[in-house]
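Visitor: My structure is below; once you've seen it, I'll send some questions.
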Amino acid sequence: MKGLYDNEMKLEFLSKTNNEAFARITVAAFVSQLDPTIDELSDIKTAVSEAVTNSIIHGYEEEEGIVRVVSRIFGNSVEIEISDNGKGIANVEEARKPLYTSKPNLERSGMGFTIMESFMDDVKVESALGLGTKITMRKRISGSQELRLRQEQICEG
């Protein structure tokens with residue numbers, strides 16, 4: 001597998017809601033080596049929060065399980081996989097629709113997938129009932145360094 005990506009990080013934790021912040025911060029720290037802008041980092045953290053929360057709330061519901069996060073860097077892009085072995089999604093297409101929620105009794109907006117899609121360049125959802133769900137998100141990082149170089153070129157030109 002060496003050579004397929006520049007760097008990789010794997011993380012596993014219990015499906016407890018207080019671990020959502022841990023996952024978000026860990027992925028942000030890993031991605032920081034690409035020198036992302038504040039907005040890019042915020043986008044990634046928000047998307048990770050949504051995916052992890054979905055695994056905890058919908059995948060495992062009231063049961064405890066393991067949530068896995070794998071982050072890979074390819075050049076100036078990051079790929080983040082968040083997976084669980086929870087109950088799975090019966091209809092992925094329906095679940096991806098804005099405002100759809102399988103838990104209307106909770107104060108959930110049903111915007112998780114919509115938020116992930118708006119903050120990341122690509123979002124892929126794979127799910128099987130009784131086996132779990134894997135969300136793979138990708139984002140190209142323009143990076144603060146690249147931005148500074150462009151600004152310098154504009155000032156010099």
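Convention: chains lettered A, B, ... in structure tokens order; per-chain residue numbering from 1; ligands numbered from 1 as shown.
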Report as a ChimeraX atom specification all protein, DNA and RNA residues lying within 9 Å of A:Ile44, evaluated on only C-alpha atoms, omitting residues in the same chain fewer than 4 positions from it.

Guide: /A:24,27-28,31,39-40,48-49,116,119-120,139

Visitor: List as a list in words the protein and nucleic acid residues near A:Gln33, meaning an atom at most 10 Å away when only C-alpha atoms are counted, but skip any in the same chain fewer than 3 places from it.

Guide: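 These residues fall inside the cut-off: Asn7, Ala28, Ala29, Phe30, Pro36, Ile73, Asn76 and Gly143 of chain A.
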
Visitor: Using only C-alpha atoms, which protein or nucleic acid residues come within 8 Å of A:Lys134? Drop anything in the same chain fewer than 4 positions from it, and give the result as a list in words.

Guide: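 Contacts, with the query itself left out: Glu81, Ile82, Ser83, Asp84, Val125, Glu126 and Ser127 of chain A.
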
Visitor: Which residues are near A:Thr114? Cut-off 8 Å, only C-alpha atoms, ignore same chain within fewer than 3 positions. Put them as an NGL selection string.

Guide: :A and (96-98 or 111 or 117-118)

Visitor: Mind dumping the selected residues with C-alpha atoms as a PDB file, in the first residue's frame?

Guide:
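Full text of selection-v2.pdb as output:
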ATOM      1  CA  ARG A  96     -29.219  12.076   1.766  1.00  0.00           C
ATOM      2  CA  LYS A  97     -32.237  14.309   1.068  1.00  0.00           C
ATOM      3  CA  PRO A  98     -32.265  17.631   2.970  1.00  0.00           C
ATOM      4  CA  MET A 111     -29.197  18.120   7.381  1.00  0.00           C
ATOM      5  CA  GLU A 117     -21.765  17.620   0.876  1.00  0.00           C
ATOM      6  CA  SER A 118     -21.656  21.411   1.096  1.00  0.00           C
TER       7      SER A 118
END

Visitor: Select from chain A everything DSSP, run on the backbone, classes as strand (DSSP E), then give the selection as a ChimeraX atom specification.

Guide: /A:7-14,66-74,77-84,122-128,132-140

Visitor: Please produce an output containing N, CA and C atoms for each residue in the selection, written as a CSV table (one decimal), in the first residue's frame.

Guide:
chain,number,residue,atom,x,y,z
A,7,ASN,N,0.4,10.2,3.5
A,7,ASN,CA,0.4,10.0,5.0
A,7,ASN,C,-1.0,9.4,5.3
A,8,GLU,N,-1.1,8.7,6.5
A,8,GLU,CA,-2.3,8.1,6.9
A,8,GLU,C,-2.4,8.1,8.4
A,9,MET,N,-3.6,8.2,8.9
A,9,MET,CA,-3.9,8.2,10.3
A,9,MET,C,-5.2,7.4,10.6
A,10,LYS,N,-5.1,6.5,11.6
A,10,LYS,CA,-6.3,5.6,11.9
A,10,LYS,C,-6.6,5.9,13.4
A,11,LEU,N,-7.9,5.9,13.6
A,11,LEU,CA,-8.4,6.2,15.0
A,11,LEU,C,-9.7,5.4,15.2
A,12,GLU,N,-9.8,4.8,16.4
A,12,GLU,CA,-11.0,4.1,16.8
A,12,GLU,C,-11.4,4.5,18.2
A,13,PHE,N,-12.7,4.7,18.4
A,13,PHE,CA,-13.2,5.1,19.7
A,13,PHE,C,-14.6,4.6,19.9
A,14,LEU,N,-15.0,4.6,21.2
A,14,LEU,CA,-16.4,4.1,21.5
A,14,LEU,C,-17.4,5.2,21.0
A,66,ILE,N,-18.0,0.7,18.0
A,66,ILE,CA,-16.8,1.3,17.7
A,66,ILE,C,-17.0,2.2,16.4
A,67,VAL,N,-16.5,3.4,16.5
A,67,VAL,CA,-16.5,4.3,15.3
A,67,VAL,C,-15.0,4.4,14.9
A,68,ARG,N,-14.8,4.2,13.6
A,68,ARG,CA,-13.5,4.2,13.0
A,68,ARG,C,-13.3,5.5,12.1
A,69,VAL,N,-12.2,6.1,12.2
A,69,VAL,CA,-11.8,7.2,11.3
A,69,VAL,C,-10.5,6.9,10.7
A,70,VAL,N,-10.4,7.0,9.4
A,70,VAL,CA,-9.2,6.8,8.7
A,70,VAL,C,-9.0,8.1,7.8
A,71,SER,N,-7.9,8.8,8.0
A,71,SER,CA,-7.6,10.0,7.2
A,71,SER,C,-6.4,9.7,6.4
A,72,ARG,N,-6.4,10.1,5.1
A,72,ARG,CA,-5.3,9.9,4.2
A,72,ARG,C,-5.0,11.2,3.4
A,73,ILE,N,-3.7,11.5,3.3
A,73,ILE,CA,-3.4,12.7,2.5
A,73,ILE,C,-2.8,12.2,1.2
A,74,PHE,N,-3.3,12.8,0.1
A,74,PHE,CA,-2.8,12.5,-1.3
A,74,PHE,C,-2.4,13.9,-1.8
A,77,SER,N,-4.7,16.9,-1.1
A,77,SER,CA,-6.0,16.6,-0.8
A,77,SER,C,-6.1,15.6,0.4
A,78,VAL,N,-7.2,15.7,1.1
A,78,VAL,CA,-7.4,14.8,2.2
A,78,VAL,C,-8.6,13.9,1.9
A,79,GLU,N,-8.6,12.6,2.3
A,79,GLU,CA,-9.7,11.7,2.2
A,79,GLU,C,-10.0,11.3,3.7
A,80,ILE,N,-11.2,11.3,4.1
A,80,ILE,CA,-11.6,10.9,5.4
A,80,ILE,C,-12.7,9.9,5.4
A,81,GLU,N,-12.4,8.7,5.9
A,81,GLU,CA,-13.4,7.7,6.0
A,81,GLU,C,-13.9,7.6,7.5
A,82,ILE,N,-15.2,7.6,7.6
A,82,ILE,CA,-15.8,7.4,9.0
A,82,ILE,C,-16.8,6.2,8.8
A,83,SER,N,-16.5,5.2,9.6
A,83,SER,CA,-17.3,4.0,9.5
A,83,SER,C,-17.8,3.4,10.9
A,84,ASP,N,-18.8,2.6,10.8
A,84,ASP,CA,-19.3,1.9,12.0
A,84,ASP,C,-19.9,0.6,11.6
A,122,ASP,N,-16.3,15.9,-2.2
A,122,ASP,CA,-16.9,14.7,-2.6
A,122,ASP,C,-17.4,13.9,-1.4
A,123,VAL,N,-18.6,13.3,-1.4
A,123,VAL,CA,-19.0,12.5,-0.3
A,123,VAL,C,-19.6,11.2,-0.9
A,124,LYS,N,-19.1,10.1,-0.4
A,124,LYS,CA,-19.6,8.8,-0.9
A,124,LYS,C,-20.2,8.1,0.4
A,125,VAL,N,-21.4,7.5,0.2
A,125,VAL,CA,-22.0,6.8,1.3
A,125,VAL,C,-22.2,5.3,0.9
A,126,GLU,N,-21.6,4.4,1.7
A,126,GLU,CA,-21.9,3.0,1.5
A,126,GLU,C,-22.5,2.4,2.8
A,127,SER,N,-23.6,1.6,2.6
A,127,SER,CA,-24.2,1.1,3.8
A,127,SER,C,-24.9,-0.2,3.5
A,128,ALA,N,-25.0,-1.1,4.5
A,128,ALA,CA,-25.7,-2.3,4.4
A,128,ALA,C,-26.4,-2.6,5.7
A,132,GLY,N,-23.5,-1.9,8.9
A,132,GLY,CA,-23.0,-0.6,9.1
A,132,GLY,C,-22.9,0.3,7.9
A,133,THR,N,-22.2,1.4,8.2
A,133,THR,CA,-22.1,2.5,7.2
A,133,THR,C,-20.7,3.0,7.1
A,134,LYS,N,-20.3,3.4,5.9
A,134,LYS,CA,-19.0,4.0,5.7
A,134,LYS,C,-19.2,5.3,4.8
A,135,ILE,N,-18.7,6.4,5.4
A,135,ILE,CA,-18.8,7.6,4.7
A,135,ILE,C,-17.4,8.0,4.3
A,136,THR,N,-17.2,8.3,3.0
A,136,THR,CA,-15.8,8.7,2.5
A,136,THR,C,-16.0,10.1,2.0
A,137,MET,N,-15.2,11.0,2.5
A,137,MET,CA,-15.3,12.4,2.1
A,137,MET,C,-13.9,12.9,1.6
A,138,ARG,N,-13.9,13.7,0.6
A,138,ARG,CA,-12.6,14.2,0.1
A,138,ARG,C,-12.7,15.7,0.0
A,139,LYS,N,-11.5,16.3,0.2
A,139,LYS,CA,-11.4,17.8,0.0
A,139,LYS,C,-10.0,18.2,-0.4
A,140,ARG,N,-10.0,19.0,-1.4
A,140,ARG,CA,-8.7,19.6,-1.9
A,140,ARG,C,-8.4,20.8,-1.0

Visitor: One decimal, in Å: what's the spacing between atom CA of A:Phe113 and atom CA of A:Ile25?

Guide: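 Atom-to-atom, atom CA of A:Phe113 to atom CA of A:Ile25, that is 19.9 Å.
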
Visitor: Here is a test: counting only C-alpha atoms, which residue of A:Gly59, A:Gly88, A:Gly112, A:Gly75 is nearest to A:Leu129?

Guide: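 Closest residue, counting only C-alpha atoms: A:Gly88.
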
Visitor: Can you tell me how far atom CA of A:Glu50 sits from atom CA of A:Ala23, in Å to one decimal?

Guide: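 It comes out at 10.9 Å.
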
Visitor: Please, which residues of stretch 5-136 of chain A, numbered as in this document, come out alpha helix (DSSP H) from DSSP, as JSON, numbers by chain?

Guide: {"A": [19, 20, 21, 22, 23, 24, 25, 26, 27, 28, 29, 30, 31, 38, 39, 40, 41, 42, 43, 44, 45, 46, 47, 48, 49, 50, 51, 52, 53, 54, 92, 93, 94, 95, 112, 113, 114, 115, 116, 117, 118, 119]}

Visitor: Quote the spacing between atom CA of A:Tyr60 and atom CA of A:Gly86 in Å to one decimal place.

Guide: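 Between these atoms lies a distance of 4.9 Å.
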